[in-house]
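For reference, target21.txt is printed below; it contains compact mmCIF, C-alpha atoms and all ligand atoms.
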```
# COMPACT_ATOMS: atom_id res chain seq x y z
CA MET A 1 56.65 216.57 -54.58
CA SER A 2 53.55 216.70 -56.74
CA ASP A 3 50.58 214.47 -56.12
CA ILE A 4 49.14 215.60 -59.42
CA SER A 5 49.82 213.44 -62.42
CA LEU A 6 51.37 215.32 -65.29
CA SER A 7 49.29 213.51 -67.87
CA ALA A 8 47.85 215.44 -70.77
CA SER A 9 44.34 215.34 -69.27
CA VAL A 10 44.59 217.72 -66.35
CA SER A 11 41.49 219.59 -65.29
CA VAL A 12 41.24 223.34 -64.78
CA THR A 13 41.26 222.82 -61.00
CA ASN A 14 44.42 220.83 -61.26
CA ILE A 15 46.07 223.46 -63.45
CA ILE A 16 45.39 226.05 -60.74
CA ALA A 17 46.85 223.71 -58.09
CA LEU A 18 49.80 222.88 -60.34
CA THR A 19 50.56 226.57 -60.91
CA ASP A 20 50.39 227.16 -57.14
CA GLN A 21 52.81 224.29 -56.58
CA LEU A 22 55.20 225.56 -59.26
CA LEU A 23 55.36 228.98 -57.56
CA GLU A 24 55.69 227.39 -54.13
CA VAL A 25 58.62 225.19 -55.19
CA ALA A 26 60.41 228.19 -56.72
CA LEU A 27 59.78 230.38 -53.67
CA LEU A 28 60.87 227.72 -51.20
CA ALA A 29 64.10 227.34 -53.19
CA ARG A 30 64.55 231.12 -52.78
CA ALA A 31 64.51 231.59 -56.56
CA SER A 32 64.60 235.18 -57.83
CA ASP A 33 63.34 234.27 -61.30
CA LEU A 34 61.30 231.52 -62.90
CA HIS A 35 61.61 230.73 -66.62
CA ILE A 36 58.95 228.76 -68.50
CA GLU A 37 60.56 227.92 -71.83
CA PRO A 38 58.82 226.12 -74.69
CA GLN A 39 61.02 223.71 -76.59
CA CYS A 40 60.51 221.40 -79.56
CA GLN A 41 58.31 218.76 -77.88
CA SER A 42 57.90 219.89 -74.28
CA THR A 43 58.44 222.88 -72.01
CA GLN A 44 61.48 223.34 -69.82
CA VAL A 45 61.17 225.14 -66.49
CA ARG A 46 64.23 226.68 -64.86
CA MET A 47 64.84 229.04 -61.97
CA ARG A 48 67.58 231.41 -60.90
CA VAL A 49 68.80 230.85 -57.34
CA ASP A 50 71.49 233.06 -55.81
CA GLY A 51 72.24 234.44 -59.26
CA LEU A 52 72.69 231.10 -61.05
CA MET A 53 70.25 229.31 -63.38
CA GLN A 54 69.23 225.74 -62.65
CA LEU A 55 66.52 223.29 -63.69
CA MET A 56 63.40 223.14 -61.53
CA THR A 57 63.10 220.10 -59.33
CA SER A 58 61.04 217.12 -60.50
CA PRO A 59 58.33 216.95 -61.84
CA PHE A 60 58.46 220.53 -63.06
CA GLU A 61 61.74 220.57 -64.97
CA LYS A 62 60.05 219.21 -68.13
CA LEU A 63 56.31 219.71 -68.67
CA PRO A 64 54.12 218.32 -71.47
CA SER A 65 53.40 221.25 -73.79
CA ALA A 66 49.61 221.12 -73.22
CA ILE A 67 50.04 221.43 -69.45
CA ALA A 68 52.68 224.15 -69.75
CA ASP A 69 50.40 226.10 -72.10
CA ALA A 70 47.58 225.87 -69.54
CA ILE A 71 49.92 227.04 -66.74
CA VAL A 72 51.00 229.97 -68.93
CA VAL A 73 47.35 230.92 -69.44
CA ARG A 74 46.75 230.71 -65.68
CA LEU A 75 49.78 232.94 -64.98
CA LYS A 76 48.76 235.43 -67.68
CA LEU A 77 45.30 235.66 -66.12
CA LEU A 78 46.85 236.31 -62.69
CA CYS A 79 48.96 239.09 -64.26
CA ASP A 80 45.97 240.62 -66.03
CA MET A 81 47.62 239.99 -69.41
CA ASP A 82 45.66 239.46 -72.62
CA ILE A 83 45.47 235.65 -72.98
CA GLY A 84 44.38 236.01 -76.61
CA GLU A 85 47.66 237.74 -77.46
CA SER A 86 50.76 235.58 -77.62
CA ARG A 87 52.73 237.19 -80.43
CA ARG A 88 53.45 240.60 -78.91
CA PRO A 89 55.53 240.96 -75.73
CA GLN A 90 53.46 241.71 -72.64
CA ASP A 91 54.16 242.34 -69.00
CA GLY A 92 52.13 242.32 -65.83
CA SER A 93 52.30 241.58 -62.14
CA PHE A 94 50.42 240.05 -59.24
CA GLN A 95 50.80 239.52 -55.51
CA TRP A 96 51.36 236.12 -53.97
CA GLN A 97 51.51 234.89 -50.42
CA LEU A 98 53.49 232.03 -48.94
CA ASN A 99 53.64 231.25 -45.22
CA ASP A 100 52.31 234.71 -44.28
CA GLN A 101 54.98 236.39 -46.39
CA HIS A 102 54.02 238.53 -49.37
CA VAL A 103 55.73 238.20 -52.72
CA ASP A 104 55.51 240.59 -55.68
CA ILE A 105 55.62 238.66 -58.94
CA ARG A 106 56.41 240.53 -62.16
CA CYS A 107 55.89 238.60 -65.35
CA SER A 108 57.00 239.21 -68.93
CA SER A 109 56.15 237.25 -72.06
CA LEU A 110 58.03 237.02 -75.34
CA VAL A 111 57.28 234.66 -78.18
CA GLY A 112 60.21 232.69 -79.63
CA HIS A 113 60.63 230.01 -82.25
CA TRP A 114 59.00 227.28 -80.12
CA GLY A 115 56.31 229.45 -78.56
CA GLU A 116 55.70 231.98 -75.83
CA LYS A 117 58.25 232.15 -73.03
CA LEU A 118 57.29 233.55 -69.62
CA VAL A 119 59.82 234.92 -67.15
CA LEU A 120 58.62 235.65 -63.63
CA ARG A 121 60.62 237.88 -61.25
CA LEU A 122 59.87 236.82 -57.68
CA GLN A 123 60.42 239.53 -55.11
CA TRP A 124 59.84 238.97 -51.41
CA GLN A 125 58.41 242.10 -49.79
CA GLN A 126 60.45 241.56 -46.63
CA GLN A 127 63.95 242.03 -47.97
CA ASN A 128 67.29 242.17 -46.23
CA ILE A 129 67.82 245.92 -46.51
CA ASP A 130 69.75 246.41 -43.30
CA LEU A 131 72.93 248.30 -44.27
CA SER A 132 74.99 246.48 -41.64
CA LYS A 133 74.04 243.10 -43.17
CA GLN A 134 75.04 243.81 -46.79
CA GLY A 135 78.59 242.49 -46.40
CA LEU A 136 80.57 245.71 -45.78
CA SER A 137 83.58 245.46 -43.48
CA PRO A 138 83.22 247.50 -40.24
CA GLU A 139 85.59 250.09 -41.72
CA GLN A 140 83.57 250.33 -44.96
CA LEU A 141 80.32 250.51 -43.01
CA ALA A 142 81.63 253.49 -41.04
CA ILE A 143 82.64 255.24 -44.30
CA VAL A 144 79.23 254.67 -45.92
CA ARG A 145 77.41 255.86 -42.79
CA MET A 146 79.57 258.97 -42.63
CA GLN A 147 78.93 259.81 -46.30
CA LEU A 148 75.20 259.20 -45.84
CA SER A 149 75.14 261.68 -42.96
CA LYS A 150 76.32 264.51 -45.23
CA PRO A 151 73.63 266.94 -46.42
CA GLN A 152 74.79 266.95 -50.05
CA GLY A 153 76.87 265.05 -52.55
CA LEU A 154 76.63 262.13 -54.95
CA ILE A 155 77.02 258.49 -53.99
CA LEU A 156 77.40 256.23 -57.03
CA VAL A 157 77.04 252.44 -56.78
CA THR A 158 78.50 250.49 -59.71
CA GLY A 159 78.47 246.83 -60.68
CA PRO A 160 77.12 244.57 -63.44
CA THR A 161 73.46 243.53 -63.62
CA GLY A 162 72.47 241.38 -60.65
CA SER A 163 75.26 242.59 -58.38
CA GLY A 164 72.88 243.89 -55.71
CA LYS A 165 73.11 247.62 -56.44
CA THR A 166 69.39 248.30 -56.01
CA MET A 167 69.15 246.49 -52.67
CA PHE A 168 72.25 248.35 -51.51
CA LEU A 169 70.62 251.68 -52.43
CA TYR A 170 67.50 250.64 -50.51
CA SER A 171 69.61 249.73 -47.49
CA CYS A 172 71.19 253.21 -47.63
CA LEU A 173 67.74 254.85 -47.70
CA LYS A 174 66.58 252.67 -44.82
CA GLN A 175 69.68 253.68 -42.87
CA ILE A 176 68.86 257.39 -43.12
CA GLN A 177 65.05 257.24 -42.91
CA SER A 178 63.93 259.80 -40.36
CA PRO A 179 60.98 262.10 -39.68
CA TYR A 180 63.43 265.00 -40.19
CA LEU A 181 64.32 264.19 -43.81
CA ASN A 182 62.25 264.27 -46.99
CA ILE A 183 63.51 261.25 -48.94
CA VAL A 184 62.25 260.69 -52.49
CA SER A 185 63.13 258.25 -55.25
CA ALA A 186 62.72 257.71 -59.00
CA GLU A 187 62.83 254.02 -59.85
CA ASP A 188 62.19 251.63 -62.73
CA PRO A 189 60.24 249.87 -61.22
CA VAL A 190 59.77 250.28 -57.46
CA GLU A 191 61.13 246.94 -56.19
CA VAL A 192 60.78 247.35 -52.43
CA ALA A 193 58.16 249.66 -50.93
CA LEU A 194 59.72 251.74 -48.15
CA GLY A 195 57.59 253.34 -45.46
CA ASP A 196 58.85 256.90 -45.32
CA VAL A 197 60.12 257.35 -48.88
CA HIS A 198 58.06 258.92 -51.68
CA GLN A 199 58.83 256.44 -54.45
CA VAL A 200 57.91 257.25 -58.05
CA ALA A 201 58.11 254.67 -60.83
CA VAL A 202 59.17 255.36 -64.42
CA ASN A 203 56.18 254.83 -66.70
CA ASP A 204 56.92 254.53 -70.41
CA VAL A 205 53.20 254.33 -71.29
CA ILE A 206 52.69 257.96 -70.22
CA ASP A 207 56.27 259.02 -71.13
CA LEU A 208 57.21 259.53 -67.49
CA SER A 209 61.00 259.26 -67.64
CA TYR A 210 63.71 259.44 -64.98
CA SER A 211 64.55 263.03 -65.88
CA GLN A 212 60.89 264.13 -65.77
CA ILE A 213 60.37 262.50 -62.38
CA LEU A 214 63.59 264.07 -61.07
CA ARG A 215 62.55 267.55 -62.17
CA ALA A 216 59.15 267.09 -60.49
CA LEU A 217 60.74 265.66 -57.32
CA LEU A 218 63.07 268.67 -57.08
CA ARG A 219 59.99 270.89 -56.79
CA GLN A 220 58.86 268.82 -53.79
CA ASP A 221 61.44 270.08 -51.30
CA PRO A 222 63.60 266.92 -51.09
CA ASP A 223 66.62 266.38 -48.84
CA VAL A 224 67.71 263.00 -50.20
CA ILE A 225 67.04 261.70 -53.72
CA MET A 226 67.55 258.16 -54.94
CA LEU A 227 67.73 257.76 -58.72
CA GLY A 228 67.46 254.06 -59.60
CA GLU A 229 69.97 254.20 -62.44
CA LEU A 230 72.10 256.79 -64.20
CA ARG A 231 71.45 255.83 -67.79
CA ASP A 232 71.03 258.92 -69.99
CA PHE A 233 72.30 262.47 -70.31
CA ASP A 234 69.03 264.13 -69.26
CA SER A 235 68.70 262.29 -65.95
CA ALA A 236 72.45 262.57 -65.26
CA ASP A 237 72.30 266.32 -65.89
CA VAL A 238 69.37 266.87 -63.52
CA ALA A 239 70.95 264.55 -60.95
CA LEU A 240 74.20 266.54 -61.00
CA LYS A 241 72.35 269.81 -60.56
CA ALA A 242 70.45 268.30 -57.62
CA ALA A 243 73.70 267.09 -56.01
CA GLN A 244 75.24 270.54 -56.50
CA THR A 245 72.35 272.39 -54.89
CA GLY A 246 72.12 271.00 -51.40
CA HIS A 247 70.75 267.50 -51.94
CA LEU A 248 72.22 264.12 -51.19
CA LEU A 249 71.83 262.01 -54.32
CA LEU A 250 72.21 258.23 -54.46
CA THR A 251 72.30 256.41 -57.76
CA SER A 252 73.68 253.38 -59.58
CA MET A 253 75.30 252.56 -62.88
CA HIS A 254 75.66 249.26 -64.75
CA THR A 255 79.43 249.18 -65.09
CA SER A 256 81.92 246.61 -63.88
CA SER A 257 84.60 248.97 -62.54
CA LEU A 258 85.14 252.42 -61.13
CA SER A 259 87.06 253.52 -64.21
CA GLU A 260 84.34 252.25 -66.55
CA ALA A 261 81.79 254.32 -64.59
CA ILE A 262 83.85 257.48 -65.14
CA HIS A 263 84.19 256.73 -68.87
CA ARG A 264 80.45 256.00 -69.11
CA CYS A 265 79.60 259.34 -67.46
CA HIS A 266 81.84 261.08 -69.99
CA GLY A 267 80.20 259.09 -72.78
CA LEU A 268 76.77 260.30 -71.64
CA GLY A 269 77.98 263.88 -72.06
CA VAL A 270 78.14 264.64 -68.33
CA ASP A 271 80.10 267.74 -67.27
CA MET A 272 83.12 265.96 -65.73
CA LEU A 273 84.28 268.97 -63.74
CA ALA A 274 80.84 269.31 -62.13
CA LEU A 275 80.77 265.54 -61.54
CA SER A 276 84.18 265.63 -59.85
CA TYR A 277 82.94 268.25 -57.40
CA CYS A 278 79.65 266.44 -56.64
CA LEU A 279 80.95 262.90 -56.21
CA SER A 280 81.54 261.98 -52.61
CA LEU A 281 81.76 258.19 -52.81
CA ILE A 282 81.93 255.51 -55.51
CA ILE A 283 81.08 251.95 -54.49
CA ASN A 284 81.85 248.97 -56.69
CA GLN A 285 79.85 245.90 -55.70
CA ARG A 286 79.51 242.18 -56.45
CA LEU A 287 77.38 239.47 -54.87
CA VAL A 288 78.97 236.17 -53.87
CA ARG A 289 77.18 233.08 -52.61
CA ARG A 290 77.55 232.37 -48.92
CA LEU A 291 78.94 228.95 -47.93
CA CYS A 292 76.37 226.92 -45.99
CA HIS A 293 77.61 226.88 -42.39
CA HIS A 294 76.01 223.46 -41.80
CA CYS A 295 78.05 221.57 -44.37
CA LYS A 296 81.11 223.61 -45.44
CA SER A 297 84.37 221.77 -45.03
CA PRO A 298 87.67 223.41 -43.96
CA MET A 299 90.41 223.26 -46.60
CA THR A 300 93.16 220.77 -45.93
CA LYS A 301 96.78 221.87 -45.64
CA LEU A 302 97.44 220.40 -49.07
CA GLN A 303 94.57 222.33 -50.66
CA LEU A 304 95.79 225.54 -49.05
CA GLU A 305 99.28 225.05 -50.44
CA SER A 306 97.89 225.07 -53.98
CA PHE A 307 96.96 228.72 -53.44
CA ALA A 308 100.42 229.87 -52.49
CA SER A 309 100.59 232.58 -55.18
CA LYS A 310 101.78 236.10 -54.49
CA GLU A 311 98.21 237.42 -54.68
CA TRP A 312 97.06 234.98 -52.00
CA LEU A 313 100.06 235.57 -49.78
CA ASP A 314 99.54 239.36 -50.05
CA ALA A 315 95.84 238.97 -49.23
CA ALA A 316 96.69 236.73 -46.27
CA ALA A 317 99.30 239.19 -44.99
CA SER A 318 96.80 242.07 -45.09
CA TYR A 319 93.83 240.06 -43.82
CA PRO A 320 91.95 242.12 -41.21
CA LEU A 321 90.76 240.13 -38.23
CA CYS A 322 87.37 241.92 -38.34
CA PHE A 323 86.07 239.04 -40.49
CA GLY A 324 87.08 236.42 -37.90
CA PRO A 325 89.90 233.86 -37.78
CA ILE A 326 91.37 232.46 -41.00
CA ASN A 327 89.41 229.34 -41.92
CA PRO A 328 89.04 228.87 -45.71
CA CYS A 329 86.39 226.28 -46.60
CA LEU A 330 85.00 224.37 -49.55
CA PRO A 331 81.32 223.88 -50.46
CA VAL A 332 79.88 220.42 -49.76
CA GLY A 333 76.08 220.42 -50.01
CA CYS A 334 73.33 219.27 -47.66
CA GLU A 335 69.53 219.23 -47.50
CA GLY A 336 69.40 222.78 -46.21
CA CYS A 337 71.38 224.42 -49.04
CA GLN A 338 71.94 224.59 -52.79
CA GLY A 339 75.18 222.78 -53.63
CA GLY A 340 76.94 224.00 -50.49
CA TYR A 341 75.71 227.59 -50.62
CA THR A 342 72.83 229.47 -49.04
CA GLY A 343 72.07 233.13 -49.74
CA ARG A 344 74.46 235.80 -50.93
CA PHE A 345 76.31 238.79 -49.55
CA GLY A 346 78.06 241.79 -51.07
CA VAL A 347 81.77 242.32 -51.62
CA PHE A 348 82.61 246.00 -51.93
CA ASP A 349 85.35 248.32 -53.10
CA LEU A 350 84.94 251.90 -51.89
CA LEU A 351 86.50 255.04 -53.33
CA VAL A 352 86.10 258.11 -51.13
CA MET A 353 86.71 261.29 -53.10
CA ASP A 354 89.36 263.79 -52.07
CA GLY A 355 91.18 266.64 -53.81
CA SER A 356 93.53 264.56 -55.97
CA LYS A 357 90.83 262.03 -56.88
CA ARG A 358 88.53 264.88 -57.94
CA ALA A 359 91.24 266.08 -60.33
CA SER A 360 91.60 262.51 -61.68
CA VAL A 361 87.83 262.28 -62.29
CA ALA A 362 87.69 265.68 -63.97
CA CYS A 363 90.51 264.71 -66.35
CA ARG A 364 89.44 261.04 -66.62
CA ARG A 365 92.85 259.80 -65.43
CA VAL A 366 91.13 256.66 -64.27
CA GLN A 367 94.30 254.65 -63.67
CA GLU A 368 94.88 256.93 -60.67
CA LEU A 369 91.52 255.91 -59.24
CA GLU A 370 91.87 252.14 -59.36
CA CYS A 371 93.50 251.08 -56.12
CA GLY A 372 94.99 247.86 -57.54
CA HIS A 373 92.87 244.85 -56.62
CA GLY A 374 90.46 246.38 -54.11
CA LEU A 375 87.38 244.35 -54.97
CA ARG A 376 89.27 241.11 -55.48
CA GLN A 377 91.18 241.49 -52.24
CA GLN A 378 87.93 242.03 -50.37
CA GLY A 379 86.69 238.80 -51.97
CA LEU A 380 89.84 236.86 -51.02
CA TRP A 381 89.50 238.07 -47.44
CA ARG A 382 86.00 236.59 -47.35
CA VAL A 383 87.50 233.30 -48.59
CA PHE A 384 89.92 233.42 -45.66
CA SER A 385 87.04 234.07 -43.27
CA GLY A 386 85.24 230.98 -44.61
CA ASP A 387 82.20 232.98 -45.79
CA THR A 388 82.56 232.13 -49.47
CA SER A 389 84.68 229.98 -51.77
CA VAL A 390 87.55 230.65 -54.15
CA ALA A 391 85.31 229.64 -57.06
CA GLU A 392 82.75 232.28 -56.11
CA VAL A 393 85.32 235.07 -55.90
CA ASN A 394 86.82 234.00 -59.23
CA ARG A 395 83.32 233.96 -60.76
CA VAL A 396 82.48 237.56 -59.85
CA THR A 397 85.89 239.28 -60.05
CA TRP A 398 87.12 238.74 -63.57
ZN ZN B 401 74.60 222.83 -46.60
```

Show me the file's structure as structure tokens.
Amino acid sequence: MSDISLSASVSVTNIIALTDQLLEVALLARASDLHIEPQCQSTQVRMRVDGLMQLMTSPFEKLPSAIADAIVVRLKLLCDMDIGESRRPQDGSFQWQLNDQHVDIRCSSLVGHWGEKLVLRLQWQQQNIDLSKQGLSPEQLAIVRMQLSKPQGLILVTGPTGSGKTMFLYSCLKQIQSPYLNIVSAEDPVEVALGDVHQVAVNDVIDLSYSQILRALLRQDPDVIMLGELRDFDSADVALKAAQTGHLLLTSMHTSSLSEAIHRCHGLGVDMLALSYCLSLIINQRLVRRLCHHCKSPMTKLQLESFASKEWLDAAASYPLCFGPINPCLPVGCEGCQGGYTGRFGVFDLLVMDGSKRASVACRRVQELECGHGLRQQGLWRVFSGDTSVAEVNRVTW
């Protein structure tokens, strides 16, 4: 890959070229994050692709410390960080371009035992934020569209970190963008710039918090408000009031289940009765890797028989044909993919609120809200359709 020797004597020009190549390799591999990690005698470089960490390809996976240090300086300069400061954590960002596509790169530094580690978040500006391409079934898509067409209410997206909640919220906003609606958002940070949405970023330096932004946004005549994350009482309180007073509010919460989200809201001190009246839809989401359609291999009859458990038989019996014919496959791996996978899509469990569910939320009778194995069954259906593998569904639905 590299025509530049990784000897200790690399010139400044070569360091610039080497940094460019490092970014290019990560971006071409569709990495979302790049980690430059000093170790005892060298520096390891890894990247996160489709949610999983892996070593960079040769020759970048292990760099001589002197070269890695020079690359770190180059990256810190690009981010407008203080290159004389390596003991305190810093963060910064810069724009990059690859094949006419723009990439936002956010960088953070943190010194550890072996030196300063840099983590770069790589964010393509052209993102897949089409609601119909997130992975919802046709039935789920119709429900989400219907709830988004309502003038008020609260739509809560839950899932662990990295489960695609933010992109899903963006796809909802894109779905309802219109000259007839004033759509605003409070985010930390703004990850995708949307044309017709007034997006405001949380700024700790000037003490601009979610709740402060929300209060200010409410004075700006909004119809739809997106709050990046429900994480404290103040912002939850303002958000509830907004949802109760004629606004459609979309937000997310870092929880792994619907019931955990309800408990977390209660833990934040949220008025559960008010919440039960505001909530219109709770969405629980995971991202699974998509099997590469060039190399995936259909399961043999013998392999299929090993899955003859009740759960699988139930999922097969209820399999909706909207995902296509039953054709479970295994990952293989080819030049065009990463170990048999390419890209990711969402698996969703939706809970539409009605009278009895509102009572369950108000009283936190969460066992009445969980509809058995909703999320897992959705995942198993996507195994039947040949879109993902059993291993992927097991990985994200624990
Ligand atoms: Zn492949």

**Protein and nucleic residues near ligand ZN 401 (chain B), 8 Å, only C-alpha atoms and all ligand atoms, as a ChimeraX atom specification** = /A:291-296,331-342

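Near Phe233 (chain A), within 9 Å and counting all atoms listed in the file, sit Ser211, Leu230, Ala236, Asp237, Val238, Cys265, Gly267, Leu268, Gly269 and Val270 of chain A, not including residues fewer than 3 positions from it in the same chain.
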
Gly92 (chain A): which residues within 7 Å, counting only C-alpha atoms, same-chain residues fewer than 3 positions away excluded, as a PDB file with C-alpha atoms, in the coordinates of the input?
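Below you can see around00.pdb, which holds the result:
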```pdb
ATOM      1  CA  CYS A  79      48.960 239.090 -64.260  1.00  0.00           C
ATOM      2  CA  ASP A  80      45.970 240.620 -66.030  1.00  0.00           C
ATOM      3  CA  MET A  81      47.620 239.990 -69.410  1.00  0.00           C
ATOM      4  CA  ARG A 106      56.410 240.530 -62.160  1.00  0.00           C
ATOM      5  CA  CYS A 107      55.890 238.600 -65.350  1.00  0.00           C
ATOM      6  CA  SER A 108      57.000 239.210 -68.930  1.00  0.00           C
TER       7      SER A 108
END
```

**Request:** Write out as a list in words which residues come within 12 Å of Cys40 (chain A) when counting all atoms listed in the file, dropping same-chain ones fewer than 2 positions away.
**Result:** Glu37, Pro38, Ser42, Thr43, Gln44, Lys62, Leu63, Pro64, Ser65, Gly112, His113, Trp114 and Gly115 of chain A

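The gap separating CA of Ile155 (chain A) from CA of Ala242 (chain A) is 12.4 Å, in Å to one decimal.
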
**Asked** For Ser163 (chain A), which of A:Val396, A:Val12, A:Leu249, A:Leu122 is the closest residue, counting all atoms listed in the file?
**Response** A:Val396

**Item:** Long-range neighbours of Ile213 (chain A) as a PyMOL selection string, 10 Å cut-off, all atoms listed in the file, 6 positions minimum in chain
**Value:** chain A and resi 185-187+200-203+227+235

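The residue that comes closest to Ser276 (chain A), out of A:Leu120, A:Ala243, A:Ile129, A:Leu321 and on the basis of all atoms listed in the file, is A:Ala243.
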
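With all atoms listed in the file as the atoms that count, the residue of A:Leu279, A:Ala29, A:Leu52, A:Ile326 with the shortest distance to Gly162 (chain A) is A:Leu52.
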